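Data from my_file-v1.tsv: TSV, C-alpha atoms
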```tsv
chain	number	residue	atom	x	y	z
A	1	MET	CA	-26.25	-11.11	-17.90
A	2	SER	CA	-26.71	-12.87	-14.55
A	3	GLU	CA	-26.73	-11.06	-11.23
A	4	MET	CA	-23.57	-11.59	-9.19
A	5	ASN	CA	-23.94	-13.38	-5.87
A	6	VAL	CA	-20.73	-12.78	-3.91
A	7	ASP	CA	-21.27	-16.03	-2.03
A	8	LEU	CA	-21.18	-18.05	-5.25
A	9	VAL	CA	-18.16	-16.66	-7.06
A	10	LEU	CA	-15.28	-17.86	-4.93
A	11	PRO	CA	-12.37	-19.16	-6.99
A	12	ASP	CA	-11.66	-22.87	-6.64
A	13	ALA	CA	-15.01	-23.49	-4.92
A	14	ALA	CA	-16.11	-27.05	-5.58
A	15	SER	CA	-19.63	-26.36	-4.40
A	16	ALA	CA	-21.76	-23.47	-3.21
A	17	PRO	CA	-20.21	-22.24	0.05
A	18	ASP	CA	-22.09	-21.07	3.11
A	19	ASP	CA	-23.04	-17.43	3.73
A	20	ASP	CA	-19.85	-16.67	5.66
A	21	SER	CA	-17.45	-17.98	2.99
A	22	VAL	CA	-16.45	-14.61	1.50
A	23	PRO	CA	-15.71	-12.88	4.85
A	24	ASP	CA	-13.88	-16.01	6.02
A	25	ARG	CA	-11.73	-16.10	2.89
A	26	LEU	CA	-10.97	-12.39	3.17
A	27	GLN	CA	-10.00	-12.87	6.81
A	28	ASP	CA	-7.67	-15.69	5.76
A	29	LEU	CA	-6.02	-13.33	3.27
A	30	VAL	CA	-5.27	-10.89	6.09
A	31	ILE	CA	-3.82	-13.62	8.29
A	32	ASP	CA	-1.71	-15.14	5.51
A	33	SER	CA	-0.29	-11.87	4.14
A	34	GLU	CA	3.03	-10.55	5.41
A	35	ASP	CA	2.15	-6.89	4.97
A	36	VAL	CA	-0.47	-4.52	3.56
A	37	GLY	CA	1.01	-4.65	0.07
A	38	GLY	CA	0.87	-8.43	0.06
A	39	PHE	CA	-2.74	-8.38	1.21
A	40	LEU	CA	-3.70	-5.93	-1.53
A	41	GLY	CA	-2.16	-8.19	-4.16
A	42	GLU	CA	-4.04	-11.25	-2.89
A	43	LEU	CA	-7.26	-9.26	-2.59
A	44	ALA	CA	-6.92	-8.06	-6.18
A	45	VAL	CA	-6.50	-11.63	-7.47
A	46	PHE	CA	-9.43	-12.89	-5.39
A	47	SER	CA	-11.68	-10.00	-6.48
A	48	ALA	CA	-10.80	-10.34	-10.18
A	49	ALA	CA	-11.68	-14.04	-10.12
A	50	ALA	CA	-15.00	-13.33	-8.39
A	51	VAL	CA	-16.13	-10.61	-10.78
A	52	SER	CA	-14.83	-12.42	-13.87
A	53	GLN	CA	-16.99	-15.41	-13.01
A	54	ALA	CA	-19.98	-13.16	-12.38
A	55	VAL	CA	-19.86	-11.22	-15.66
A	56	GLY	CA	-18.56	-14.01	-17.88
A	57	VAL	CA	-15.48	-12.21	-19.23
A	58	PRO	CA	-11.92	-11.92	-17.85
A	59	VAL	CA	-11.70	-8.88	-15.59
A	60	HIS	CA	-8.57	-7.14	-14.33
A	61	CYS	CA	-8.70	-5.78	-10.79
A	62	GLY	CA	-6.50	-2.97	-9.54
A	63	ILE	CA	-6.50	-1.59	-6.00
A	64	THR	CA	-5.20	1.81	-4.94
A	65	LEU	CA	-4.64	2.59	-1.27
A	66	SER	CA	-3.81	6.09	-0.06
A	67	ARG	CA	-2.70	6.71	3.52
A	68	ARG	CA	-1.75	9.94	5.25
A	69	ARG	CA	1.92	10.86	4.79
A	70	ARG	CA	2.50	7.85	2.52
A	71	THR	CA	2.67	7.47	-1.22
A	72	ALA	CA	-0.22	5.59	-2.81
A	73	THR	CA	0.09	1.80	-2.83
A	74	VAL	CA	-1.03	0.15	-6.07
A	75	ALA	CA	-1.73	-3.58	-6.40
A	76	GLY	CA	-3.24	-5.62	-9.19
A	77	SER	CA	-4.50	-9.05	-10.11
A	78	THR	CA	-2.08	-8.93	-13.07
A	79	PRO	CA	0.86	-6.73	-14.13
A	80	GLU	CA	-1.54	-5.11	-16.63
A	81	ALA	CA	-3.96	-4.23	-13.81
A	82	ARG	CA	-1.15	-2.49	-11.93
A	83	LEU	CA	-0.13	-0.65	-15.08
A	84	ILE	CA	-3.68	0.62	-15.69
A	85	ASP	CA	-3.78	2.14	-12.20
A	86	GLU	CA	-0.23	3.49	-12.44
A	87	ILE	CA	-1.14	5.26	-15.70
A	88	GLN	CA	-4.03	6.89	-13.85
A	89	GLN	CA	-1.70	7.98	-11.07
A	90	ALA	CA	0.56	9.54	-13.69
A	91	TYR	CA	-2.36	11.52	-15.17
A	92	GLY	CA	-3.36	12.60	-11.66
A	93	ASP	CA	-7.04	11.98	-12.28
A	94	GLY	CA	-9.43	9.29	-13.43
A	95	PRO	CA	-12.37	7.17	-12.32
A	96	CYS	CA	-10.47	5.40	-9.52
A	97	LEU	CA	-9.14	8.62	-8.01
A	98	GLU	CA	-12.59	10.19	-8.38
A	99	ALA	CA	-14.18	7.24	-6.54
A	100	MET	CA	-11.68	7.67	-3.71
A	101	ARG	CA	-12.27	11.42	-3.50
A	102	SER	CA	-16.06	11.33	-3.74
A	103	ARG	CA	-16.47	8.04	-1.85
A	104	ALA	CA	-18.99	7.08	-4.52
A	105	THR	CA	-18.93	4.34	-7.16
A	106	VAL	CA	-17.80	5.51	-10.61
A	107	HIS	CA	-18.98	3.58	-13.67
A	108	VAL	CA	-17.53	4.05	-17.14
A	109	PRO	CA	-19.67	1.96	-19.56
A	110	ASP	CA	-17.42	2.61	-22.56
A	111	THR	CA	-13.94	4.09	-22.17
A	112	SER	CA	-13.64	4.65	-25.93
A	113	THR	CA	-16.41	7.29	-25.84
A	114	GLU	CA	-16.01	8.60	-22.27
A	115	GLU	CA	-15.63	12.38	-22.12
A	116	ARG	CA	-14.60	12.52	-18.46
A	117	TRP	CA	-10.87	11.85	-18.03
A	118	LYS	CA	-10.74	11.64	-21.83
A	119	GLU	CA	-6.97	11.24	-22.21
A	120	TYR	CA	-6.72	8.48	-19.62
A	121	CYS	CA	-9.76	6.63	-20.97
A	122	THR	CA	-8.45	6.85	-24.52
A	123	VAL	CA	-5.18	5.24	-23.42
A	124	ILE	CA	-6.79	2.32	-21.58
A	125	ALA	CA	-9.36	1.82	-24.36
A	126	ALA	CA	-6.47	1.44	-26.79
A	127	ARG	CA	-5.08	-1.23	-24.46
A	128	GLY	CA	-8.36	-3.16	-24.70
A	129	HIS	CA	-10.08	-2.12	-21.46
A	130	LEU	CA	-13.49	-0.85	-22.54
A	131	SER	CA	-15.47	-0.98	-19.27
A	132	ALA	CA	-14.40	0.37	-15.89
A	133	LEU	CA	-16.05	0.10	-12.51
A	134	CYS	CA	-14.41	1.77	-9.51
A	135	VAL	CA	-15.85	1.11	-6.07
A	136	PRO	CA	-14.56	3.05	-3.03
A	137	LEU	CA	-13.71	1.33	0.25
A	138	GLU	CA	-14.56	3.05	3.51
A	139	LEU	CA	-11.47	2.99	5.72
A	140	ASP	CA	-10.29	4.75	8.88
A	141	GLU	CA	-9.76	8.51	8.85
A	142	GLY	CA	-6.77	9.51	6.77
A	143	ALA	CA	-6.97	6.49	4.46
A	144	ALA	CA	-8.88	5.83	1.24
A	145	ALA	CA	-8.96	2.99	-1.27
A	146	ALA	CA	-10.87	1.71	-4.27
A	147	LEU	CA	-11.45	-1.56	-6.08
A	148	ASN	CA	-11.08	-0.97	-9.82
A	149	PHE	CA	-12.48	-3.50	-12.30
A	150	PHE	CA	-11.58	-3.31	-16.00
A	151	ALA	CA	-13.27	-5.48	-18.64
A	152	PRO	CA	-12.51	-6.01	-22.36
A	153	GLN	CA	-16.06	-5.26	-23.54
A	154	ALA	CA	-18.23	-2.15	-23.28
A	155	GLY	CA	-21.35	-2.26	-21.14
A	156	VAL	CA	-20.25	-5.21	-19.01
A	157	TYR	CA	-21.50	-3.87	-15.68
A	158	ASP	CA	-25.27	-3.62	-15.33
A	159	GLU	CA	-27.12	-2.22	-12.29
A	160	ALA	CA	-27.35	-5.59	-10.54
A	161	THR	CA	-23.63	-6.25	-11.01
A	162	ILE	CA	-22.72	-2.80	-9.73
A	163	ARG	CA	-24.94	-3.27	-6.67
A	164	ASN	CA	-23.35	-6.61	-5.89
A	165	CYS	CA	-19.83	-5.28	-6.42
A	166	GLU	CA	-20.66	-2.63	-3.85
A	167	LEU	CA	-21.88	-5.34	-1.48
A	168	TYR	CA	-18.68	-7.27	-2.03
A	169	ALA	CA	-16.64	-4.09	-1.41
A	170	SER	CA	-18.39	-3.61	1.93
A	171	GLN	CA	-17.09	-7.04	2.94
A	172	ALA	CA	-13.60	-6.41	1.54
A	173	GLU	CA	-13.20	-3.06	3.26
A	174	ARG	CA	-13.47	-4.64	6.72
A	175	SER	CA	-10.54	-6.90	5.95
A	176	LEU	CA	-8.55	-4.06	4.39
A	177	ARG	CA	-9.25	-1.86	7.41
A	178	LEU	CA	-7.86	-4.60	9.65
A	179	ALA	CA	-4.81	-5.10	7.43
A	180	VAL	CA	-4.06	-1.36	7.47
A	181	ARG	CA	-4.36	-1.21	11.27
A	182	ILE	CA	-2.01	-4.16	11.65
A	183	GLY	CA	0.37	-2.53	9.19
A	184	VAL	CA	0.34	0.77	11.10
A	185	LYS	CA	1.10	-1.00	14.39
A	186	GLN	CA	3.92	-2.95	12.74
A	187	GLN	CA	5.34	0.26	11.27
A	188	HIS	CA	5.27	1.90	14.69
A	189	ALA	CA	7.07	-1.10	16.15
A	190	ASP	CA	9.68	-0.99	13.38
A	191	ASP	CA	10.18	2.76	13.86
A	192	LEU	CA	10.66	2.25	17.59
A	193	GLN	CA	13.17	-0.53	16.99
A	194	ASP	CA	15.10	1.65	14.52
A	195	ALA	CA	15.15	4.49	17.03
A	196	MET	CA	16.44	2.19	19.75
A	197	GLN	CA	19.14	0.80	17.46
A	198	SER	CA	20.19	4.32	16.49
A	199	ARG	CA	20.38	5.36	20.13
A	200	THR	CA	22.47	2.29	20.98
A	201	VAL	CA	25.07	2.81	18.26
A	202	ILE	CA	25.31	6.54	19.05
A	203	ASP	CA	25.86	5.76	22.73
A	204	LEU	CA	28.57	3.25	21.81
A	205	ALA	CA	30.31	5.76	19.55
A	206	SER	CA	30.08	8.42	22.26
A	207	GLY	CA	31.78	6.01	24.67
A	208	ILE	CA	34.64	5.49	22.23
A	209	ILE	CA	35.08	9.25	21.84
A	210	MET	CA	34.99	9.69	25.63
A	211	GLY	CA	37.88	7.24	25.90
A	212	GLN	CA	39.81	8.96	23.13
A	213	ASN	CA	39.41	12.48	24.45
A	214	ARG	CA	38.80	11.93	28.16
A	215	CYS	CA	35.67	14.04	27.97
A	216	THR	CA	32.11	13.87	29.25
A	217	GLN	CA	29.30	12.08	27.42
A	218	GLU	CA	27.71	15.38	26.41
A	219	GLU	CA	31.02	16.63	25.02
A	220	ALA	CA	31.49	13.34	23.15
A	221	PHE	CA	28.02	13.65	21.65
A	222	GLN	CA	28.76	17.20	20.47
A	223	ILE	CA	32.00	15.97	18.86
A	224	LEU	CA	30.01	13.27	17.06
A	225	LYS	CA	27.45	15.83	15.85
A	226	LYS	CA	30.23	18.07	14.58
A	227	ALA	CA	31.77	15.16	12.66
A	228	SER	CA	28.34	14.37	11.20
A	229	SER	CA	27.94	17.95	9.98
A	230	THR	CA	31.49	18.19	8.61
A	231	ARG	CA	31.21	14.92	6.70
A	232	ASN	CA	27.63	15.63	5.59
A	233	GLN	CA	26.56	12.22	6.90
A	234	LYS	CA	23.75	11.19	9.16
A	235	LEU	CA	24.66	10.97	12.82
A	236	ARG	CA	23.86	7.26	12.92
A	237	GLU	CA	26.08	6.58	9.89
A	238	VAL	CA	29.06	8.34	11.47
A	239	ALA	CA	28.48	6.46	14.72
A	240	GLU	CA	28.20	3.11	12.91
A	241	SER	CA	31.42	3.77	11.02
A	242	LEU	CA	33.30	4.46	14.24
A	243	VAL	CA	31.89	1.44	16.07
A	244	GLN	CA	32.58	-0.88	13.10
A	245	SER	CA	36.19	0.28	12.89
A	246	VAL	CA	36.66	-0.67	16.55
A	247	ALA	CA	34.85	-4.00	16.13
A	248	LYS	CA	37.15	-4.93	13.22
A	249	GLN	CA	40.19	-3.81	15.23
A	250	ALA	CA	41.07	-1.47	12.41
A	251	PRO	CA	42.75	1.90	13.01
A	252	VAL	CA	40.15	4.13	14.65
A	253	ALA	CA	39.48	7.57	13.27
A	254	HIS	CA	40.23	9.97	16.10
A	255	PHE	CA	37.46	12.51	16.68
A	256	GLU	CA	38.90	15.81	17.83
A	257	PRO	CA	36.80	18.29	19.80
```
Translate this structure into structure tokens?
Amino acid sequence: MSEMNVDLVLPDAASAPDDDSVPDRLQDLVIDSEDVGGFLGELAVFSAAAVSQAVGVPVHCGITLSRRRRTATVAGSTPEARLIDEIQQAYGDGPCLEAMRSRATVHVPDTSTEERWKEYCTVIAARGHLSALCVPLELDEGAAAALNFFAPQAGVYDEATIRNCELYASQAERSLRLAVRIGVKQQHADDLQDAMQSRTVIDLASGIIMGQNRCTQEEAFQILKKASSTRNQKLREVAESLVQSVAKQAPVAHFEP
């Protein structure tokens, strides 16, 4: 089995690229992806192609990303790759999750005989995935991820391959770290925009109630809150309903104090 050189396993490469080709391609993936989930999907496809070429057999790549106060994001080079990782999430333990927790590479040479995570390994072995290699990615505090490679033969990953997968992961994690940071900033911007939109529609609804009841803004806001509680609806939803009824020139529900 040949040693993997991450600079020589780029998909669609017509000739041997220069030393910066992998980081450049990973950077392009960040730029071209609309969000973190999209980047993970593209990264999984790119990584599967690279490792498949290195080991000489078709490899599935799954990626799991865990961020504080968010559910885990799972991406895969194929639907099967996603399913393998989702099965592991359902079991609540496995080589990928162990790699993320321990921040150390986890190698399963033969899933059909693996005693660790026996139930999970038995399931994926039955699906034809006999080798697993899970490499953690070092991210910012509060986030963890792993590249998970699954092959159809036992003993696919030798020491040289594992070492080079770890080298490749060190390049990939920089791009993922950047993608996560961009995603966090975008989420903050979206949250701020939602908050501003909510404030605007609530202010508009309060103005309508002020006109109906000839009351102050604070009194109108309290009336709106009471209606929200009585109807068991979010404040914004009640406000939107009132504003839309006025915009459509439909009969307006009168909010009594």
Handout entry: Shell of 7 Å around A:His129, all atoms listed in the file, local chain residues under 4 positions omitted, as a PyMOL selection string
Key = chain A and resi 124-125+150-152
Exercise for the section: Select, from A:Leu139, A:Ala146, A:Cys215, A:Val123, the residue with the minimum atom-to-atom distance to A:Leu97, counting only C-alpha atoms. Expected result: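 Closest to A:Leu97 of all the choices is A:Ala146.
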Handout entry: Expected residue set, 8 Å radius at (-4.5, -10.5, -14.6), all atoms listed in the file, as a list in words
Key =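 Output: Val45, Ala48, Val59, His60, Cys61, Gly76, Ser77, Thr78, Pro79, Glu80 and Ala81 of chain A.
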Practice task
In Å, rounded to a single decimal, give me how far atom CA of A:Ser131 is from atom CA of A:Arg101.
Solution key: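 For atom CA of A:Arg101 relative to atom CA of A:Ser131, the distance reads 20.3 Å.
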Exercise for the section: Quick one: everything within 9 Å of A:Leu130, counting only C-alpha atoms, minus sequence neighbours fewer than 2 positions away in the same chain. Send it as a count of residues only. Expected result: 19
